[in-house]
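Engineer: What follows is a structure written as structure tokens; I'll ask about it next.
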Amino acid sequence: MRAVIQRVNKASVTVSGEVTGAIDRGLCLLVGITYDDTEDDLKYIVEKTLNMRIFPDATGDSGFDESVVDISGGLLLVSQFTLYSTTRKGRRPGFTDAARPEQAEPMFKQLVDSFRLNSGLRVETGVFGAMMTVEIENAGPVTIILDSADRNTPRRS
């Protein structure tokens with residue numbers, strides 16, 4: 001599972017001219033699910049995201065002191081299968097590493113539920129499988145790529 005996490009002042013998702021999810025200060029997550037993701041991958045993304053210190057403290061001296069939970073921020077989750085695109089050959093990306101919709105949609109819903117259950121924060125979403133317009137006002141800018149496949153990889157010295 002991959003998440004592109006952006007620290008935002010505000011973010012929203014619109015489908016067919018209707019806003020389906022919007023937050024003020026918090027995190028916008030673009031989430032990709034691959035065919036072999038498990039509940040362990042989901043738990044890793046939730047735990048890391050909720051506890052990652054990427055917001056400034058009240059003094060503003062440093063930009064990386066508090067988590068989204070510490071600041072009572074919002075979460076906007078958008079399913080994005082293109083995070084598992086491959087571009088090894090040809091000019092058109094391939095998506096064979098992305099989970100099929102019948103597998104990805106229930107896992108995405110489980111991810112949303114897990115964020116709601118474990119954070120107590122406002123959690124908003126786009127519409128799975130829809131053509132969406134995502135507006136993001138990135139604060140910093142701060143963008144973090146989180147991949148659950150990295151959870152068992154040793155750190156470099």
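Labels for the structure tokens follow display order: chains A, B, ..., residues from 1 in each chain, ligands from 1.
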Near Gly140 in chain A, counting only C-alpha atoms, which residues have an atom at most 9 Å away, once you skip same-chain residues fewer than 6 positions from it, shown as a ChimeraX atom specification?
Structural biologist: /A:7-8,63
Engineer: Set the distance at 8 Å and use only C-alpha atoms: which residues neighbour range 47-59 of chain A once local chain neighbours fewer than 5 positions away are removed? I'd like the list as a compact mmCIF listing (two decimals) with C-alpha atoms, in the first residue's frame.
Structural biologist:
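Generated output (around.txt):
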```
# COMPACT_ATOMS: atom_id res chain seq x y z
CA ARG A 7 0.44 18.52 4.81
CA PHE A 64 8.20 18.84 12.35
CA ASP A 65 7.10 18.53 15.98
CA GLU A 66 3.46 17.46 16.09
CA SER A 67 1.28 14.82 14.45
CA VAL A 68 -2.09 15.29 12.79
CA VAL A 69 -3.62 13.87 15.99
CA ILE A 71 -3.16 19.31 16.12
CA SER A 119 -7.84 8.80 15.29
CA VAL A 142 5.50 19.03 2.73
```
Engineer: Which residue is closest to Ile144 in chain A? Choose from A:Ile45, A:Ala22, A:Met132, A:Ile33 and count only C-alpha atoms.
Structural biologist: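 Smallest separation from Ile144 in chain A among the options: A:Ile45.
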Engineer: Quick one: everything within 10 Å of Gly17 in chain A, counting only C-alpha atoms, minus sequence neighbours fewer than 3 positions away in the same chain. Send it as a list in words.
Structural biologist: Val13, Thr14, Thr20, Met132 and Thr133 of chain A
Engineer: Please write the residues from the selection above to a file, keeping N, CA and C atoms, as a PDB file, in the first residue's frame.
Structural biologist:
```pdb
ATOM      1  N   VAL A  13     -12.270  17.390  -2.507  1.00  0.00           N
ATOM      2  CA  VAL A  13     -12.503  16.525  -3.658  1.00  0.00           C
ATOM      3  C   VAL A  13     -13.879  16.845  -4.207  1.00  0.00           C
ATOM      4  N   THR A  14     -13.944  16.998  -5.526  1.00  0.00           N
ATOM      5  CA  THR A  14     -15.200  17.274  -6.206  1.00  0.00           C
ATOM      6  C   THR A  14     -15.445  16.195  -7.253  1.00  0.00           C
ATOM      7  N   THR A  20     -17.379  16.185  -2.406  1.00  0.00           N
ATOM      8  CA  THR A  20     -17.669  14.949  -1.676  1.00  0.00           C
ATOM      9  C   THR A  20     -16.875  14.844  -0.381  1.00  0.00           C
ATOM     10  N   MET A 132     -12.280  12.384 -10.321  1.00  0.00           N
ATOM     11  CA  MET A 132     -12.328  13.380  -9.247  1.00  0.00           C
ATOM     12  C   MET A 132     -11.422  14.561  -9.558  1.00  0.00           C
ATOM     13  N   THR A 133     -11.822  15.708  -9.061  1.00  0.00           N
ATOM     14  CA  THR A 133     -10.961  16.882  -9.043  1.00  0.00           C
ATOM     15  C   THR A 133     -10.523  17.067  -7.609  1.00  0.00           C
TER      16      THR A 133
END
```
Engineer: Between A:Met107, A:Val127, A:Val15, A:Leu30, which residue has the minimum interatomic distance to Tyr84 in chain A, considering only C-alpha atoms?
Structural biologist: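 When distances to Tyr84 in chain A are compared using only C-alpha atoms, the smallest one comes from A:Leu30.
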Engineer: Pick out the closest residue to Gly120 in chain A from this set: A:Leu29, A:Tyr35, A:Gly21, A:Leu75. Count only C-alpha atoms.
Structural biologist: A:Leu75
Engineer: For each of A:Gln6, A:Ser148, A:Thr125, A:Thr143, take the minimum atom-to-atom distance to Val78 in chain A, counting only C-alpha atoms, then give the residue where this is smallest.
Structural biologist: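 Counting only C-alpha atoms, the residue closest to Val78 in chain A is A:Thr125.
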Engineer: Produce a table with one row for each residue of range 30-89 of chain A that has an atom at most 9 Å from any atom of range 110-114 of chain A, each row naming the nearest atom pair and its distance in Å at one decimal; use only C-alpha atoms; arrange rows by chain and rising residue number; format as a Markdown table.
Structural biologist:
```
| residue | atom | partner | partner_atom | distance |
| --- | --- | --- | --- | --- |
| A:Glu39 | CA | A:Gln110 | CA | 8.9 |
| A:Leu42 | CA | A:Leu111 | CA | 6.2 |
| A:Lys43 | CA | A:Ser114 | CA | 8.0 |
| A:Ile45 | CA | A:Leu111 | CA | 8.6 |
| A:Val46 | CA | A:Ser114 | CA | 7.2 |
| A:Leu77 | CA | A:Val112 | CA | 7.3 |
```
Engineer: I need the residues from that last selection saved to file as a PDB file, in the first residue's frame (with N, CA and C atoms), if you can.
Structural biologist:
```
ATOM      1  N   GLU A  39      -4.012  -6.751   5.725  1.00  0.00           N
ATOM      2  CA  GLU A  39      -4.387  -5.902   6.852  1.00  0.00           C
ATOM      3  C   GLU A  39      -3.154  -5.335   7.547  1.00  0.00           C
ATOM      4  N   LEU A  42      -2.265  -2.174   5.785  1.00  0.00           N
ATOM      5  CA  LEU A  42      -3.230  -1.147   6.174  1.00  0.00           C
ATOM      6  C   LEU A  42      -2.894  -0.571   7.551  1.00  0.00           C
ATOM      7  N   LYS A  43      -2.634  -1.433   8.508  1.00  0.00           N
ATOM      8  CA  LYS A  43      -2.306  -0.991   9.867  1.00  0.00           C
ATOM      9  C   LYS A  43      -1.039  -0.133   9.876  1.00  0.00           C
ATOM     10  N   ILE A  45       0.144   1.793   7.430  1.00  0.00           N
ATOM     11  CA  ILE A  45      -0.159   3.117   6.871  1.00  0.00           C
ATOM     12  C   ILE A  45      -0.904   3.970   7.899  1.00  0.00           C
ATOM     13  N   VAL A  46      -1.872   3.398   8.567  1.00  0.00           N
ATOM     14  CA  VAL A  46      -2.659   4.148   9.562  1.00  0.00           C
ATOM     15  C   VAL A  46      -1.777   4.599  10.719  1.00  0.00           C
ATOM     16  N   LEU A  77      -8.886  11.331   2.401  1.00  0.00           N
ATOM     17  CA  LEU A  77      -8.344  10.150   1.746  1.00  0.00           C
ATOM     18  C   LEU A  77      -8.940  10.012   0.353  1.00  0.00           C
TER      19      LEU A  77
END
```
Engineer: Looking only at the backbone, which of the residues in range 49-114 of chain A does DSSP tag as alpha helix (DSSP H), as a list in words?
Structural biologist: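 Everything in range 49-114 of chain A that counts as alpha helix (DSSP H) is Thr49, Leu50, Asn51, Pro101, Glu102, Gln103, Ala104, Glu105, Pro106, Met107, Phe108, Lys109, Gln110, Leu111, Val112, Asp113 and Ser114 of chain A.
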Engineer: Compile the contact shell of Gln103 in chain A as an NGL selection string: residues with an atom at most 12 Å away, counting only C-alpha atoms, same-chain residues fewer than 6 positions apart removed.
Structural biologist: :A and (32-38 or 81 or 109-110 or 128)
Engineer: Pick out the residues sitting within 8 Å of Leu146 in chain A, and hand them over as a PyMOL selection string; count only C-alpha atoms, and ignore anything fewer than 5 positions along from it in its own chain.
Structural biologist: chain A and resi 2-5+45
Engineer: For Leu76 in chain A, work out the shell of residues within 6 Å, counting only C-alpha atoms and skipping chain neighbours fewer than 5 positions away, then give it as a ChimeraX atom specification.
Structural biologist: /A:28,123-125
Engineer: Residues of range 34-104 of chain A in strand (DSSP E or B) according to DSSP, as an NGL selection string?
Structural biologist: :A and (34 or 55 or 66 or 74-79 or 86 or 94 or 98)
Engineer: Convert the current residue selection to file output with C-alpha atoms, as a compact mmCIF listing (two decimals), in the first residue's frame.
Structural biologist:
```txt
# COMPACT_ATOMS: atom_id res chain seq x y z
CA THR A 34 -1.67 -3.28 -4.76
CA PHE A 55 3.37 19.84 11.79
CA GLU A 66 3.46 17.46 16.09
CA GLY A 74 -8.50 16.62 9.31
CA LEU A 75 -7.80 13.71 6.98
CA LEU A 76 -8.84 13.58 3.34
CA LEU A 77 -8.34 10.15 1.75
CA VAL A 78 -8.46 9.71 -2.02
CA SER A 79 -8.09 6.32 -3.70
CA THR A 86 4.63 1.00 -14.21
CA GLY A 94 0.59 0.05 -17.08
CA ALA A 98 -2.66 -2.06 -8.82
```
Engineer: Interatomic distance between CA of Ser72 in chain A and CA of Asn9 in chain A?
Structural biologist: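 If I compute the distance from CA of Ser72 in chain A to CA of Asn9 in chain A, I get 13.0 Å.
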Engineer: Which value, in Å to one decimal, gives the distance between CA of Thr82 in chain A and CA of Glu18 in chain A?
Structural biologist: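 For CA of Thr82 in chain A relative to CA of Glu18 in chain A, the distance reads 22.8 Å.
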Engineer: From the options A:Ser12, A:Ser85, A:Ser62, A:Thr153, which residue's atoms come nearest to Arg25 in chain A, counting only C-alpha atoms?
Structural biologist: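 Using only C-alpha atoms, Arg25 in chain A sits closest to A:Ser12.
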Engineer: Taking only C-alpha atoms into account, name the residue in A:Gln80, A:Thr96, A:Thr87, A:Ser16 that is nearest to Met1 in chain A.
Structural biologist: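 Selected residue with least distance to Met1 in chain A: A:Gln80.
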Engineer: What does the distance between CA of Leu27 in chain A and CA of Pro141 in chain A come to in Å, to one decimal place?
Structural biologist: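 Pair CA of Leu27 in chain A / CA of Pro141 in chain A returns 11.9 Å.
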